[in-house]
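Source file: data29.tsv; contents: TSV, C-alpha atoms and all ligand atoms.
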```
chain	number	residue	atom	x	y	z
A	56	SER	CA	18.29	90.59	176.45
A	57	PRO	CA	21.12	91.65	178.79
A	58	PRO	CA	20.09	94.34	181.27
A	59	THR	CA	21.33	97.84	180.54
A	60	CYS	CA	22.80	100.07	183.20
A	61	LYS	CA	19.95	102.43	184.00
A	62	PRO	CA	20.66	105.95	185.27
A	63	THR	CA	20.58	106.05	189.06
A	64	SER	CA	18.41	108.44	191.05
A	65	PHE	CA	21.48	110.17	192.46
A	66	PRO	CA	24.75	111.12	190.74
A	67	LEU	CA	27.51	108.56	191.20
A	68	PRO	CA	31.19	109.50	190.80
A	69	GLN	CA	32.09	109.60	187.08
A	70	HIS	CA	28.63	108.29	186.21
A	71	THR	CA	29.65	104.72	186.97
A	72	CYS	CA	27.17	101.89	186.64
A	73	SER	CA	25.26	101.46	189.89
A	74	TYR	CA	25.69	97.67	189.91
A	75	PRO	CA	28.22	95.28	188.45
A	76	PRO	CA	27.13	93.70	185.18
A	77	GLU	CA	26.78	90.24	186.69
A	78	PRO	CA	26.34	87.45	184.10
A	79	TYR	CA	23.62	85.84	186.23
A	80	ILE	CA	20.35	86.63	187.93
A	81	VAL	CA	18.64	84.82	190.85
A	82	LEU	CA	15.02	83.90	190.13
A	83	PRO	CA	12.39	81.48	191.43
A	84	THR	CA	12.36	78.14	189.62
A	85	ALA	CA	9.60	75.61	189.09
A	86	GLY	CA	9.98	73.20	192.01
A	87	LYS	CA	13.57	73.89	193.08
A	88	GLY	CA	13.20	77.07	195.10
A	89	LEU	CA	15.45	79.88	193.92
A	90	GLY	CA	17.91	79.27	191.11
A	91	VAL	CA	20.60	81.10	189.15
A	92	PHE	CA	20.03	81.92	185.48
A	93	ALA	CA	22.29	83.24	182.71
A	94	ARG	CA	21.55	86.85	181.77
A	95	HIS	CA	23.22	86.41	178.40
A	96	ASP	CA	25.01	83.68	176.42
A	97	LEU	CA	28.02	82.46	178.41
A	98	PRO	CA	30.76	80.76	176.37
A	99	PRO	CA	32.71	77.96	178.12
A	100	GLY	CA	35.18	79.46	180.56
A	101	THR	CA	33.12	82.54	181.44
A	102	ILE	CA	33.54	83.32	185.13
A	103	ILE	CA	30.06	83.44	186.64
A	104	LEU	CA	30.86	84.09	190.28
A	105	ARG	CA	33.87	84.58	192.54
A	106	GLU	CA	32.99	84.57	196.20
A	107	THR	CA	34.79	84.69	199.54
A	108	PRO	CA	33.16	82.52	202.22
A	109	ILE	CA	31.04	84.52	204.64
A	110	LEU	CA	31.70	81.93	207.37
A	111	THR	CA	34.02	78.93	207.63
A	112	ILE	CA	34.44	76.15	210.15
A	113	HIS	CA	37.12	73.57	210.68
A	114	PRO	CA	35.19	70.32	210.23
A	115	PRO	CA	34.99	67.70	212.98
A	116	PRO	CA	36.30	64.23	212.01
A	117	PHE	CA	34.30	62.71	209.12
A	118	LYS	CA	32.55	59.41	209.95
A	119	LYS	CA	32.24	56.97	207.05
A	120	GLY	CA	28.59	56.15	206.48
A	121	THR	CA	27.07	58.89	208.66
A	122	GLY	CA	29.18	61.88	207.52
A	123	TYR	CA	29.99	64.78	209.81
A	124	PRO	CA	28.30	64.61	213.25
A	125	MET	CA	25.56	67.24	213.18
A	126	PRO	CA	25.82	68.42	216.82
A	127	ALA	CA	29.53	69.24	216.36
A	128	ILE	CA	28.82	71.00	213.02
A	129	SER	CA	25.97	73.03	214.51
A	130	SER	CA	28.02	74.07	217.50
A	131	ALA	CA	30.98	75.19	215.33
A	132	VAL	CA	28.63	77.11	213.00
A	133	ARG	CA	26.89	78.83	215.94
A	134	THR	CA	30.24	80.00	217.31
A	135	GLU	CA	31.35	81.51	213.99
A	136	PHE	CA	27.87	82.92	213.27
A	137	SER	CA	27.89	84.86	216.56
A	138	LYS	CA	31.04	86.73	215.43
A	139	LEU	CA	29.42	88.04	212.22
A	140	PRO	CA	27.83	91.47	211.67
A	141	PRO	CA	23.99	91.49	211.58
A	142	SER	CA	23.81	91.92	207.77
A	143	SER	CA	25.89	88.74	207.23
A	144	GLN	CA	23.80	86.88	209.80
A	145	THR	CA	20.66	87.89	207.90
A	146	ASP	CA	22.17	86.65	204.60
A	147	ILE	CA	22.84	83.26	206.19
A	148	LEU	CA	19.43	82.97	207.83
A	149	HIS	CA	17.79	83.62	204.46
A	150	LEU	CA	19.45	80.58	202.89
A	151	HIS	CA	17.38	77.51	202.19
A	152	HIS	CA	17.73	74.54	204.55
A	153	HIS	CA	16.61	70.95	204.52
A	154	ALA	CA	15.99	68.89	207.67
A	155	PHE	CA	14.70	65.31	207.72
A	156	PRO	CA	11.24	64.67	209.19
A	157	GLY	CA	11.60	64.39	212.94
A	158	GLU	CA	15.00	66.08	213.12
A	159	PHE	CA	13.52	69.25	214.54
A	160	ASP	CA	11.74	67.28	217.25
A	161	LYS	CA	14.79	65.40	218.42
A	162	GLY	CA	15.71	67.93	221.07
A	163	ASP	CA	17.89	70.60	219.51
A	164	GLY	CA	15.02	71.75	217.28
A	165	TRP	CA	15.28	75.31	215.99
A	166	THR	CA	18.52	75.99	217.81
A	167	ASP	CA	20.02	73.71	215.19
A	168	VAL	CA	18.68	75.57	212.17
A	169	LEU	CA	22.14	76.97	211.49
A	170	GLY	CA	23.46	73.41	211.29
A	171	TYR	CA	20.79	72.48	208.72
A	172	ILE	CA	21.49	75.64	206.71
A	173	PHE	CA	25.14	74.70	206.73
A	174	ARG	CA	24.48	71.07	205.73
A	175	THR	CA	22.30	72.20	202.80
A	176	ASN	CA	24.58	74.93	201.45
A	177	ALA	CA	28.21	74.49	202.49
A	178	TYR	CA	31.13	73.81	200.14
A	179	ASN	CA	34.76	72.93	200.82
A	180	THR	CA	37.27	75.71	201.17
A	181	GLY	CA	40.53	73.77	200.95
A	182	THR	CA	40.81	72.13	204.36
A	183	ASP	CA	37.76	73.85	205.87
A	184	ILE	CA	34.06	74.12	204.94
A	185	GLY	CA	32.30	77.39	204.28
A	186	LEU	CA	29.14	79.21	203.27
A	187	PHE	CA	28.94	81.32	200.13
A	188	PRO	CA	25.50	83.01	200.11
A	189	ARG	CA	25.50	83.83	196.38
A	190	ILE	CA	26.95	80.53	195.11
A	191	ALA	CA	24.52	78.74	197.46
A	192	ARG	CA	21.65	79.72	195.15
A	193	ILE	CA	22.95	77.48	192.35
A	194	ASN	CA	20.91	74.29	192.03
A	195	HIS	CA	22.35	70.85	191.40
A	196	SER	CA	22.45	68.82	188.18
A	197	CYS	CA	24.13	65.48	187.46
A	198	GLN	CA	24.91	66.96	184.03
A	199	PRO	CA	25.92	70.45	185.15
A	200	ASN	CA	26.82	73.33	182.84
A	201	ALA	CA	29.03	75.07	185.42
A	202	ALA	CA	31.98	73.87	187.45
A	203	TYR	CA	33.90	75.35	190.35
A	204	VAL	CA	37.33	75.50	191.80
A	205	TRP	CA	38.65	76.69	195.17
A	206	ASN	CA	41.31	79.34	194.62
A	207	GLU	CA	43.52	79.07	197.71
A	208	ARG	CA	45.61	82.18	196.93
A	209	GLU	CA	42.56	84.43	196.64
A	210	ARG	CA	40.59	82.35	199.16
A	211	LYS	CA	37.64	82.46	196.79
A	212	ARG	CA	35.39	79.88	195.23
A	213	VAL	CA	35.18	80.44	191.49
A	214	VAL	CA	32.23	79.20	189.43
A	215	TYR	CA	32.66	79.17	185.65
A	216	ALA	CA	30.70	77.94	182.61
A	217	SER	CA	32.09	74.49	181.84
A	218	ARG	CA	29.88	74.25	178.72
A	219	ALA	CA	28.22	76.90	176.58
A	220	ILE	CA	25.23	78.31	178.50
A	221	ARG	CA	22.41	80.07	176.63
A	222	ALA	CA	20.78	83.29	177.81
A	223	GLY	CA	17.93	82.41	180.18
A	224	GLU	CA	19.22	78.88	180.85
A	225	GLU	CA	19.50	77.78	184.47
A	226	ILE	CA	23.10	77.55	185.72
A	227	SER	CA	23.79	74.30	187.58
A	228	ASP	CA	26.72	72.75	189.35
A	229	SER	CA	27.16	69.45	191.13
A	230	TYR	CA	26.90	68.80	194.88
A	231	ILE	CA	28.25	65.23	194.59
A	232	PRO	CA	30.77	63.14	192.65
A	233	LEU	CA	29.24	62.31	189.26
A	234	LEU	CA	31.06	59.15	188.19
A	235	ILE	CA	28.65	56.87	190.05
A	236	PRO	CA	25.33	55.29	189.01
A	237	ARG	CA	21.99	57.07	189.42
A	238	GLU	CA	20.92	55.12	192.54
A	239	GLU	CA	24.13	56.08	194.35
A	240	ARG	CA	23.75	59.70	193.27
A	241	LYS	CA	20.19	59.65	194.58
A	242	LYS	CA	21.42	58.42	197.98
A	243	ARG	CA	24.10	61.10	198.16
A	244	LEU	CA	21.55	63.82	197.37
A	245	GLU	CA	19.20	62.73	200.18
A	246	ARG	CA	20.77	65.12	202.68
A	247	TYR	CA	19.70	68.02	200.44
A	248	GLY	CA	16.09	66.81	200.41
A	249	PHE	CA	15.42	66.47	196.68
A	250	GLN	CA	15.53	64.01	193.81
A	251	CYS	CA	17.47	65.18	190.78
A	252	SER	CA	15.43	65.56	187.60
A	253	CYS	CA	18.27	66.38	185.21
A	254	GLU	CA	18.32	64.69	181.79
A	255	ALA	CA	20.66	61.94	183.01
A	256	CYS	CA	18.51	61.15	186.05
A	257	LEU	CA	15.30	61.05	184.01
A	258	LEU	CA	16.61	58.37	181.63
A	259	ARG	CA	14.75	55.12	182.13
A	260	GLY	CA	15.26	51.46	181.14
A	261	LYS	CA	18.07	50.67	178.71
A	262	LYS	CA	19.10	54.32	178.26
A	263	GLY	CA	19.35	54.78	182.04
A	264	ARG	CA	21.48	51.64	182.39
A	265	GLU	CA	23.76	52.74	179.55
A	266	SER	CA	24.30	56.12	181.17
A	267	ASP	CA	25.16	54.43	184.49
A	268	GLU	CA	27.56	52.08	182.72
A	269	ARG	CA	29.27	54.97	180.94
A	270	ARG	CA	29.84	56.80	184.25
A	271	VAL	CA	31.29	53.72	185.92
A	272	GLU	CA	33.50	53.02	182.88
A	273	ILE	CA	34.76	56.62	182.90
A	274	SER	CA	35.75	56.21	186.53
A	275	THR	CA	37.51	52.88	185.77
A	276	ILE	CA	39.44	54.33	182.82
A	277	PHE	CA	40.53	57.34	184.86
A	278	LYS	CA	41.87	55.05	187.59
A	279	GLU	CA	43.69	52.82	185.08
A	280	LEU	CA	45.23	55.63	183.08
A	281	GLU	CA	46.19	57.77	186.04
A	282	ALA	CA	47.94	54.81	187.65
A	283	TYR	CA	49.73	54.06	184.37
A	284	ASN	CA	50.68	57.60	183.42
A	285	THR	CA	52.93	58.28	186.36
A	286	THR	CA	56.11	58.74	184.32
A	287	ILE	CA	56.77	59.72	180.74
A	288	SER	CA	60.02	60.07	179.01
A	289	SER	CA	60.58	60.69	175.33
A	290	SER	CA	63.77	58.66	175.22
A	291	GLN	CA	62.42	55.60	177.00
A	292	THR	CA	63.26	52.31	175.37
A	293	VAL	CA	60.30	49.99	175.36
A	294	ASN	CA	59.86	46.33	174.66
A	295	LYS	CA	57.03	44.94	172.53
A	296	GLU	CA	54.78	44.26	175.51
A	297	GLU	CA	55.22	47.76	176.89
A	298	GLU	CA	54.62	49.22	173.46
A	299	LYS	CA	51.34	47.31	173.18
A	300	LYS	CA	50.30	48.51	176.64
A	301	ALA	CA	51.05	52.09	175.62
A	302	ILE	CA	49.00	51.78	172.41
A	303	ASP	CA	46.08	50.32	174.39
A	304	ALA	CA	46.27	53.16	176.92
A	305	ALA	CA	46.20	55.76	174.13
A	306	LYS	CA	43.10	54.06	172.67
A	307	ARG	CA	41.45	53.94	176.10
A	308	SER	CA	42.06	57.66	176.56
A	309	LEU	CA	40.12	58.37	173.33
A	310	ARG	CA	37.29	56.16	174.57
A	311	LEU	CA	37.33	58.19	177.81
A	312	LEU	CA	36.84	61.38	175.80
A	313	SER	CA	33.91	59.99	173.84
A	314	LEU	CA	32.21	58.66	177.01
A	315	LEU	CA	32.59	62.01	178.75
A	316	GLU	CA	31.17	63.82	175.75
A	317	LYS	CA	28.20	61.45	175.61
A	318	GLU	CA	27.49	62.08	179.29
A	319	GLN	CA	28.31	65.80	178.86
A	320	LEU	CA	30.44	65.72	181.98
A	321	ALA	CA	32.49	68.83	181.32
A	322	ASP	CA	33.68	68.93	184.95
A	323	TYR	CA	36.06	66.10	184.04
A	324	TYR	CA	37.33	67.36	180.67
A	325	ALA	CA	40.60	68.86	181.93
A	326	ARG	CA	41.54	65.62	183.67
A	327	ALA	CA	40.68	63.63	180.53
A	328	TYR	CA	42.63	65.97	178.22
A	329	LYS	CA	45.73	65.37	180.33
A	330	ALA	CA	45.21	61.60	180.11
A	331	VAL	CA	44.93	61.82	176.30
A	332	ALA	CA	48.04	64.00	176.07
A	333	VAL	CA	50.20	61.83	178.30
A	334	THR	CA	49.14	58.49	176.82
A	335	HIS	CA	49.86	59.80	173.32
A	336	ALA	CA	53.24	61.10	174.46
A	337	ARG	CA	54.03	57.55	175.54
A	338	VAL	CA	53.45	56.30	172.01
A	339	ARG	CA	55.40	59.28	170.70
A	340	ASP	CA	52.41	60.76	168.86
A	341	TRP	CA	53.68	64.23	169.72
A	342	GLU	CA	51.14	66.08	167.60
A	343	THR	CA	48.13	64.57	169.45
A	344	ALA	CA	49.97	64.91	172.77
A	345	SER	CA	50.65	68.63	172.14
A	346	VAL	CA	47.12	69.43	170.97
A	347	TRP	CA	45.44	67.77	173.99
A	348	ALA	CA	47.95	69.09	176.50
A	349	ASN	CA	47.17	72.57	175.17
A	350	LYS	CA	43.42	71.93	175.45
A	351	GLY	CA	43.99	70.79	179.05
A	352	PHE	CA	46.00	73.96	179.67
A	353	GLU	CA	43.16	76.11	178.30
A	354	ARG	CA	40.68	74.40	180.65
A	355	ARG	CA	42.94	74.78	183.68
A	356	VAL	CA	43.63	78.45	182.86
A	357	MET	CA	39.94	79.21	182.85
A	358	GLU	CA	39.62	77.68	186.32
A	359	ASP	CA	42.64	79.37	187.83
A	360	ALA	CA	45.57	80.80	185.87
A	361	GLY	CA	48.00	80.37	188.76
A	362	SER	CA	47.14	76.88	190.00
A	363	ALA	CA	49.64	74.00	190.10
A	364	TRP	CA	47.43	72.18	187.54
A	365	THR	CA	47.71	75.09	185.10
A	366	VAL	CA	51.48	75.23	185.50
A	367	GLU	CA	51.71	71.47	184.99
A	368	MET	CA	49.69	71.60	181.76
A	369	ALA	CA	51.74	74.56	180.47
A	370	GLU	CA	54.93	72.58	181.11
A	371	LEU	CA	53.60	69.44	179.42
A	372	THR	CA	52.39	71.44	176.40
A	373	GLY	CA	55.81	73.11	176.02
A	374	ARG	CA	57.62	69.79	176.37
A	375	PHE	CA	55.41	67.94	173.88
A	376	ILE	CA	55.67	70.74	171.30
A	377	GLU	CA	59.47	70.58	171.58
A	378	GLU	CA	59.34	66.81	170.99
A	379	TRP	CA	56.97	67.34	168.07
A	380	LYS	CA	59.37	69.83	166.49
A	381	ARG	CA	62.29	67.47	167.06
A	382	SER	CA	60.37	64.55	165.54
A	383	MET	CA	59.81	66.63	162.40
A	384	GLY	CA	63.47	67.42	162.20
A	385	ALA	CA	62.97	71.08	163.01
A	386	GLY	CA	65.90	72.77	164.70
A	387	THR	CA	68.46	70.28	163.40
A	388	VAL	CA	71.26	71.46	161.16
B	401	LIG	C1	22.27	74.99	197.92
B	401	LIG	S1	20.53	75.19	197.83
B	401	LIG	C2	20.28	75.75	196.19
B	401	LIG	C3	19.41	77.00	196.13
B	401	LIG	C4	18.00	76.81	196.60
B	401	LIG	N1	17.16	76.35	195.49
B	401	LIG	C5	17.43	78.06	197.21
B	401	LIG	O1	16.24	78.34	197.00
B	401	LIG	O2	18.17	78.75	197.92
B	401	LIG	C6	20.08	73.50	197.80
B	401	LIG	C7	18.59	73.27	197.80
B	401	LIG	O3	18.04	73.63	196.55
B	401	LIG	C8	17.11	72.68	196.10
B	401	LIG	N2	17.66	72.01	194.91
B	401	LIG	C9	18.91	72.09	194.43
B	401	LIG	N3	19.05	71.42	193.29
B	401	LIG	C10	17.85	70.88	193.02
B	401	LIG	C11	17.36	70.05	191.97
B	401	LIG	N4	18.13	69.65	190.98
B	401	LIG	N5	16.05	69.68	192.03
B	401	LIG	C12	15.24	70.07	193.04
B	401	LIG	N6	15.67	70.86	194.06
B	401	LIG	C13	16.95	71.26	194.06
B	401	LIG	C14	16.91	71.68	197.24
B	401	LIG	O4	15.85	72.13	198.03
B	401	LIG	C15	18.22	71.82	198.00
B	401	LIG	O5	18.10	71.50	199.38
```

Serialized structure, structure tokens:
Amino acid sequence: SPPTCKPTSFPLPQHTCSYPPEPYIVLPTAGKGLGVFARHDLPPGTIILRETPILTIHPPPFKKGTGYPMPAISSAVRTEFSKLPPSSQTDILHLHHHAFPGEFDKGDGWTDVLGYIFRTNAYNTGTDIGLFPRIARINHSCQPNAAYVWNERERKRVVYASRAIRAGEEISDSYIPLLIPREERKKRLERYGFQCSCEACLLRGKKGRESDERRVEISTIFKELEAYNTTISSSQTVNKEEEKKAIDAAKRSLRLLSLLEKEQLADYYARAYKAVAVTHARVRDWETASVWANKGFERRVMEDAGSAWTVEMAELTGRFIEEWKRSMGAGTV
């Protein structure tokens, strides 16, 4: 049951609650270190955490294959760390870190621990990379129930429930792109020092292959549809071939939805809803286009009400509804 605000041992102004009613609690897990758990049922869209980075660095150039060079990362982190107050330094030093066997013996040893902490916990902050000590306690899943967005205006990372989360359930997000097969995901997770044991990663044999195929197909359909959906105009004249292409694209967008739902990849729903809306606008099915544009808008709003994506979906929804009304003859004399 959700915790109640207990009376404090000293009087607070206007008897305010002594702690914010956070929707999560950090607890030890079985085999994953600490983890973040829902204190009560969290409907999709519930904001779980909003956090400003405690430390950021401007990343050195990324090297394909080997990633960011660790010595440069460590040195940048050490510089920023030294500017922080002791309480923030303690928060950072308490974070979990993973180092590969032998890394500590290679010379830099413990002086590099900040680099390993950073490698294990950091997230992007727009153009930089930063540490968020509370968000850092969220464990990974390849079928996560929470998603995140970087809010540039507030300079905060926002984590929200992307699916319904039950009270007591562990909250998970993803450290890696998810539209790749299990073996590739496994490789990408190596730097964090664990093997994912989410439902998707535990599938074996035929079921495992089918899940991999679905993820690759989702990625292919996104690429196809996003390349195709660059322009839409209600008054466009189309020849037979173009019309057929448009019908196929609308069908593919519905397949995309069903694949995403099967894989429960809610992180990608907003992107898919836009693809469904725009492909249906191209075949002048304004009702479907309006409904899915509005769903996309609702998803984007829950991430960040003021983002360019939210504004775009609001505009598309308005436009498609106008076309829908026109197609029904509404507004004509
Ligand atoms: C960003 S931290 C997450 C919080 C961490 N569990 C802690 O105790 O602070 C990343 C580390 O958590 C652990 N971890 C995260 N997701 C995991 C998972 N799905 N299975 C096992 N360990 C996981 C790994 O040790 C990883 O290096």

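Of the listed residues (A:Arg133, A:Arg192, A:His149, A:Lys138), A:Arg192 comes nearest to ligand LIG 401 (chain B); the distances count all atoms listed in the file.
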
Nearest candidate to ligand LIG 401 (chain B) (options A:Gly86, A:Pro232, A:Gly170, A:Pro156; using only C-alpha atoms and all ligand atoms): A:Gly86

Which residue of A:Leu186, A:Val338, A:Cys251, A:Leu257 approaches ligand LIG 401 (chain B) most closely, using all atoms listed in the file: A:Cys251

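Interatomic distance, atom CA of Cys197 of chain A against atom CA of Asp183 of chain A: 24.4 Å.
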
Site check for ligand LIG 401 (chain B): residues at most 7 Å away, only C-alpha atoms and all ligand atoms, as a PyMOL selection string: chain A and resi 86-90+150-153+175-176+191-196+247-253

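If you measure from each of A:Arg212, A:Arg307, A:Arg339, A:Arg237 to Gly263 of chain A using all atoms listed in the file, the closest one turns out to be A:Arg237.
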
Selection: 6 Å around Val91 of chain A, all atoms listed in the file, excl. self and same-chain fewer than 6 positions, as number ranges by chain: A: 80-81, 193, 225-226

Atom CA of Gln319 of chain A to atom CA of Arg94 of chain A, distance in Å rounded to a single decimal: 22.3 Å

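Among the candidate residues A:Asp359, A:Glu367, A:Glu209, A:Glu318, the one lying nearest to Arg269 of chain A is A:Glu318, with distances computed using all atoms listed in the file.
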
Of the listed residues A:Pro141, A:Gly361, A:Gly181, A:Pro114, that which approaches Lys211 of chain A most closely, counting all atoms listed in the file: A:Gly181

Any idea what's packed within 12 Å of Lys278 of chain A, counting all atoms listed in the file, ignoring anything in its chain fewer than 6 positions away? Could you give it as a PDB file with C-alpha atoms, keeping the file's coordinate frame?
```
ATOM      1  CA  LEU A 234      31.060  59.150 188.190  1.00  0.00           C
ATOM      2  CA  VAL A 271      31.290  53.720 185.920  1.00  0.00           C
ATOM      3  CA  GLU A 272      33.500  53.020 182.880  1.00  0.00           C
ATOM      4  CA  ASN A 284      50.680  57.600 183.420  1.00  0.00           C
ATOM      5  CA  THR A 285      52.930  58.280 186.360  1.00  0.00           C
ATOM      6  CA  ALA A 304      46.270  53.160 176.920  1.00  0.00           C
ATOM      7  CA  ARG A 307      41.450  53.940 176.100  1.00  0.00           C
ATOM      8  CA  SER A 308      42.060  57.660 176.560  1.00  0.00           C
ATOM      9  CA  LEU A 311      37.330  58.190 177.810  1.00  0.00           C
ATOM     10  CA  ARG A 326      41.540  65.620 183.670  1.00  0.00           C
ATOM     11  CA  ALA A 327      40.680  63.630 180.530  1.00  0.00           C
ATOM     12  CA  ALA A 330      45.210  61.600 180.110  1.00  0.00           C
TER      13      ALA A 330
END
```

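Here atom CA of Glu207 of chain A and atom CA of His113 of chain A stand 15.5 Å from one another.
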
Mind working out the centre and edge lengths of an axis-aligned box for segment 209-227 of chain A, all listed atoms inside, 8 Å added to each side, rounded to one decimal in Å and written as JSON?
```
{"center_x": 30.2, "center_y": 79.3, "center_z": 187.9, "size_x": 40.6, "size_y": 26.2, "size_z": 38.6}
```
